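Below: model-v9.txt (compact mmCIF, C-alpha atoms)
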# COMPACT_ATOMS: atom_id res chain seq x y z
CA MET J 1320 -26.03 0.94 13.48
CA GLU J 1321 -22.68 -0.80 13.63
CA SER J 1322 -22.25 -3.69 16.01
CA VAL J 1323 -19.70 -3.42 18.81
CA GLY J 1324 -17.79 -6.43 17.47
CA SER J 1325 -17.45 -4.81 14.06
CA ILE J 1326 -16.05 -1.64 15.60
CA ILE J 1327 -13.59 -3.62 17.73
CA ILE J 1328 -12.36 -5.55 14.68
CA TYR J 1329 -11.98 -2.28 12.75
CA VAL J 1330 -9.93 -0.74 15.58
CA ILE J 1331 -7.70 -3.83 15.75
CA LEU J 1332 -7.17 -3.78 11.96
CA ALA J 1333 -6.49 -0.03 11.94
CA LEU J 1334 -3.95 -0.38 14.77
CA ALA J 1335 -2.27 -3.31 13.00
CA LEU J 1336 -2.15 -1.32 9.77
CA THR J 1337 -0.59 1.67 11.52
CA VAL J 1338 1.90 -0.26 13.66
CA PHE J 1339 3.14 -2.53 10.87
CA SER J 1340 3.40 0.39 8.43
CA VAL J 1341 5.60 2.31 10.86
CA MET J 1342 7.65 -0.79 11.61
CA ALA J 1343 8.14 -1.46 7.89
CA VAL J 1344 9.73 1.93 7.29
CA THR J 1345 11.71 2.19 10.52
CA THR J 1346 13.39 -1.22 10.75
CA ARG J 1347 16.97 -1.47 9.58
CA LYS J 1348 16.69 -5.12 8.51
CA ILE J 1349 15.34 -5.29 4.99
CA LEU J 1350 13.82 -8.76 5.22
CA ARG J 1351 11.90 -7.72 8.34
CA ALA J 1352 10.65 -4.66 6.46
CA ALA J 1353 9.24 -6.93 3.74
CA THR J 1354 7.57 -9.08 6.42
CA TYR J 1355 6.02 -6.02 8.08
CA LEU J 1356 4.79 -4.91 4.64
CA LEU J 1357 3.12 -8.30 4.26
CA PHE J 1358 1.30 -7.84 7.58
CA THR J 1359 0.26 -4.33 6.51
CA LEU J 1360 -1.22 -5.67 3.29
CA PHE J 1361 -3.11 -8.39 5.20
CA ALA J 1362 -4.58 -5.76 7.54
CA ALA J 1363 -5.68 -3.69 4.54
CA ALA J 1364 -7.32 -6.79 3.08
CA GLY J 1365 -9.11 -7.32 6.39
CA ILE J 1366 -10.54 -3.81 6.16
CA TYR J 1367 -11.72 -4.53 2.59
CA PHE J 1368 -13.44 -7.69 3.80
CA GLN J 1369 -15.07 -5.79 6.65
CA LEU J 1370 -16.44 -3.26 4.13
CA ASP J 1371 -17.96 -6.18 2.16
CA TYR J 1372 -15.54 -5.70 -0.75
CA GLU J 1373 -14.68 -9.36 -1.05
CA PHE J 1374 -13.23 -8.97 -4.55
CA LEU J 1375 -10.81 -6.21 -3.50
CA GLY J 1376 -9.83 -8.14 -0.38
CA ALA J 1377 -9.08 -11.25 -2.43
CA VAL J 1378 -7.09 -9.19 -4.97
CA GLN J 1379 -5.19 -7.54 -2.12
CA ILE J 1380 -4.17 -10.93 -0.75
CA ALA J 1381 -3.52 -12.65 -4.07
CA VAL J 1382 -1.75 -9.88 -5.97
CA TYR J 1383 -0.09 -7.73 -3.35
CA ALA J 1384 0.44 -9.98 -0.34
CA GLY J 1385 1.01 -13.04 -2.52
CA GLY J 1386 2.77 -11.68 -5.58
CA ILE J 1387 4.41 -8.36 -4.89
CA VAL J 1388 5.83 -9.26 -1.47
CA VAL J 1389 7.23 -12.50 -2.91
CA LEU J 1390 8.83 -10.42 -5.67
CA PHE J 1391 10.31 -8.07 -3.05
CA VAL J 1392 11.68 -10.93 -0.96
CA PHE J 1393 13.10 -12.59 -4.07
CA SER J 1394 14.78 -9.32 -5.08
CA ILE J 1395 16.16 -8.82 -1.57
CA LEU J 1396 17.62 -12.30 -1.49
CA LEU J 1397 19.19 -11.82 -4.94
CA THR J 1398 20.70 -8.40 -4.30
CA SER J 1399 21.79 -8.33 -0.64
CA LYS J 1400 22.46 -10.38 2.43
CA PRO J 1401 19.13 -10.51 4.28
CA GLY J 1402 20.66 -10.45 7.78
CA ASP J 1403 22.62 -7.24 7.23
CA ASN J 1404 21.49 -3.98 8.75
CA SER J 1405 21.02 -1.02 6.46
CA ALA J 1406 23.24 1.98 7.04
CA ALA J 1407 22.09 4.42 9.67
CA LEU J 1408 20.67 7.64 8.28
CA SER J 1409 22.83 10.69 8.59
CA SER J 1410 21.30 13.79 10.11
CA LYS J 1411 21.17 15.39 6.63
CA SER J 1412 19.16 12.48 5.24
CA ARG J 1413 16.88 12.48 8.26
CA ALA J 1414 16.18 16.22 7.91
CA THR J 1415 15.46 15.85 4.19
CA GLY J 1416 13.10 12.96 4.86
CA LEU J 1417 11.29 14.90 7.58
CA VAL J 1418 10.84 17.92 5.29
CA ALA J 1419 9.55 15.67 2.49
CA ALA J 1420 7.14 13.90 4.87
CA LEU J 1421 5.78 17.20 6.18
CA ALA J 1422 5.38 18.52 2.64
CA MET J 1423 3.44 15.40 1.64
CA LEU J 1424 1.29 15.71 4.76
CA ALA J 1425 0.46 19.31 3.80
CA VAL J 1426 -0.39 18.33 0.21
CA THR J 1427 -2.55 15.41 1.35
CA GLY J 1428 -4.33 17.57 3.93
CA ALA J 1429 -5.00 20.28 1.35
CA ALA J 1430 -6.36 17.70 -1.09
CA LEU J 1431 -8.65 16.21 1.55
CA LEU J 1432 -9.89 19.60 2.73
CA SER J 1433 -10.63 20.68 -0.84
CA ARG J 1434 -12.91 17.63 -1.15
CA CYS J 1435 -14.40 17.92 2.33
CA GLU J 1436 -18.01 18.12 1.07
CA LEU J 1437 -17.60 14.64 -0.44
CA PHE J 1438 -16.93 13.24 3.03
CA LEU J 1439 -19.77 15.08 4.74
CA ALA J 1440 -22.51 14.20 2.24
CA ARG J 1441 -22.16 10.43 2.04
CA PRO J 1442 -24.12 9.02 -0.90
CA GLU J 1443 -25.77 5.62 -0.68
CA MET J 1444 -23.12 3.01 -1.49
CA GLN J 1445 -23.74 -0.14 -3.46
CA ASN J 1446 -21.47 -2.90 -4.70
CA PRO J 1447 -20.73 -2.48 -8.42
CA ASP J 1448 -20.84 -5.42 -10.77
CA MET J 1449 -17.59 -6.76 -12.25
CA HIS J 1450 -18.23 -5.27 -15.69
CA LEU J 1451 -18.51 -1.76 -14.24
CA LEU J 1452 -15.45 -2.31 -12.04
CA GLY J 1453 -13.37 -3.50 -15.00
CA SER J 1454 -14.44 -0.66 -17.26
CA VAL J 1455 -13.64 1.93 -14.58
CA LEU J 1456 -10.23 0.42 -13.78
CA MET J 1457 -9.19 -0.07 -17.41
CA GLY J 1458 -10.97 2.88 -19.04
CA THR J 1459 -9.36 6.02 -20.42
CA GLY J 1460 -12.14 8.55 -19.78
CA GLU J 1461 -12.62 10.98 -16.93
CA GLY J 1462 -12.63 9.24 -13.55
CA GLU J 1463 -11.12 6.06 -15.00
CA TYR J 1464 -7.78 4.61 -14.00
CA LEU J 1465 -5.84 3.17 -16.94
CA LEU J 1466 -3.16 5.88 -16.87
CA PRO J 1467 -2.32 5.51 -13.14
CA PHE J 1468 -2.37 1.73 -13.56
CA GLU J 1469 0.17 1.94 -16.39
CA ALA J 1470 2.27 4.48 -14.47
CA VAL J 1471 2.55 2.08 -11.53
CA SER J 1472 3.56 -0.75 -13.87
CA VAL J 1473 6.31 1.44 -15.39
CA LEU J 1474 7.47 2.37 -11.87
CA LEU J 1475 7.66 -1.31 -10.87
CA LEU J 1476 9.60 -2.09 -14.05
CA ALA J 1477 12.05 0.74 -13.26
CA CYS J 1478 12.51 -0.67 -9.74
CA ILE J 1479 13.25 -4.13 -11.10
CA ILE J 1480 15.75 -2.73 -13.61
CA GLY J 1481 17.38 -0.67 -10.85
CA GLY J 1482 17.69 -3.76 -8.67
CA VAL J 1483 19.34 -5.69 -11.51
CA VAL J 1484 21.78 -2.82 -12.18
CA ILE J 1485 22.72 -2.62 -8.49
CA ALA J 1486 23.16 -6.39 -8.31
CA ARG J 1487 25.39 -6.43 -11.40
CA ARG J 1488 27.74 -3.83 -9.89
CA ARG J 1489 28.46 -6.13 -6.94

Written as structure tokens, how would this file's structure read?
Amino acid sequence: MESVGSIIIYVILALALTVFSVMAVTTRKILRAATYLLFTLFAAAGIYFQLDYEFLGAVQIAVYAGGIVVLFVFSILLTSKPGDNSAALSSKSRATGLVAALAMLAVTGAALLSRCELFLARPEMQNPDMHLLGSVLMGTGEGEYLLPFEAVSVLLLACIIGGVVIARRR
């Protein structure tokens, strides 16, 4: 049975995660968006710590909150004036974004519903050792994550190159 304090902390972290995520994508000041992203990543780390995944919580803080957000802020300061507002979305852009968001919600819902039996029958969880965690994250077999890991690194590299190209035009 969960303690009342643990549930209260989870609700606070979940609310912080939701509020700061929405604020990060709705603010028109880019430096504030990076700050809200930082708070979102800290809230996610708090949830990892509450689930007793100390390693993932520490990685979340060190790599994402510490490294990636610093990279974002550095890129923002190199490519734009941090106090400027971004341009307001036109109604065409807003409609396209809404359609894309609804489509992604439908795809995510369908994926979750197709795996619904996994959520209902909860197996006994145990903390894996670091060797198992490393082999799963860096393995190439079924259920291992080297390909998505490399895809994200290529995406980040493309974002950095795009930022440099945009900065050179100015």

For this session: Choose the residue, out of J:Ile1331, J:Leu1390, J:Ala1430, J:Leu1396, that has the smallest atom-to-atom separation from J:Ala1486; count only C-alpha atoms.
Result: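 Among the listed residues, J:Leu1396 lies closest to J:Ala1486.
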
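Minimum distance to J:Ala1362 across J:Ala1377, J:Val1473, J:Ile1328, J:Ala1333 (counting all atoms listed in the file) occurs at J:Ala1333.
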
Exercise. Hey, which of J:Met1423, J:Leu1451, J:Leu1332, J:Leu1465 ends up closest to J:Phe1368? Count only C-alpha atoms.
Worked result: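 That would be J:Leu1332, the residue with the smallest distance to J:Phe1368.
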
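Separating atom CA of J:Gln1379 from atom CA of J:Ala1364 is a distance of 5.7 Å.
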
For this session: Write out as number ranges by chain which residues come within 12 Å of J:Leu1336 when counting all atoms listed in the file, dropping same-chain ones fewer than 3 positions away.
Result: J: 1329-1333, 1339-1343, 1355-1366
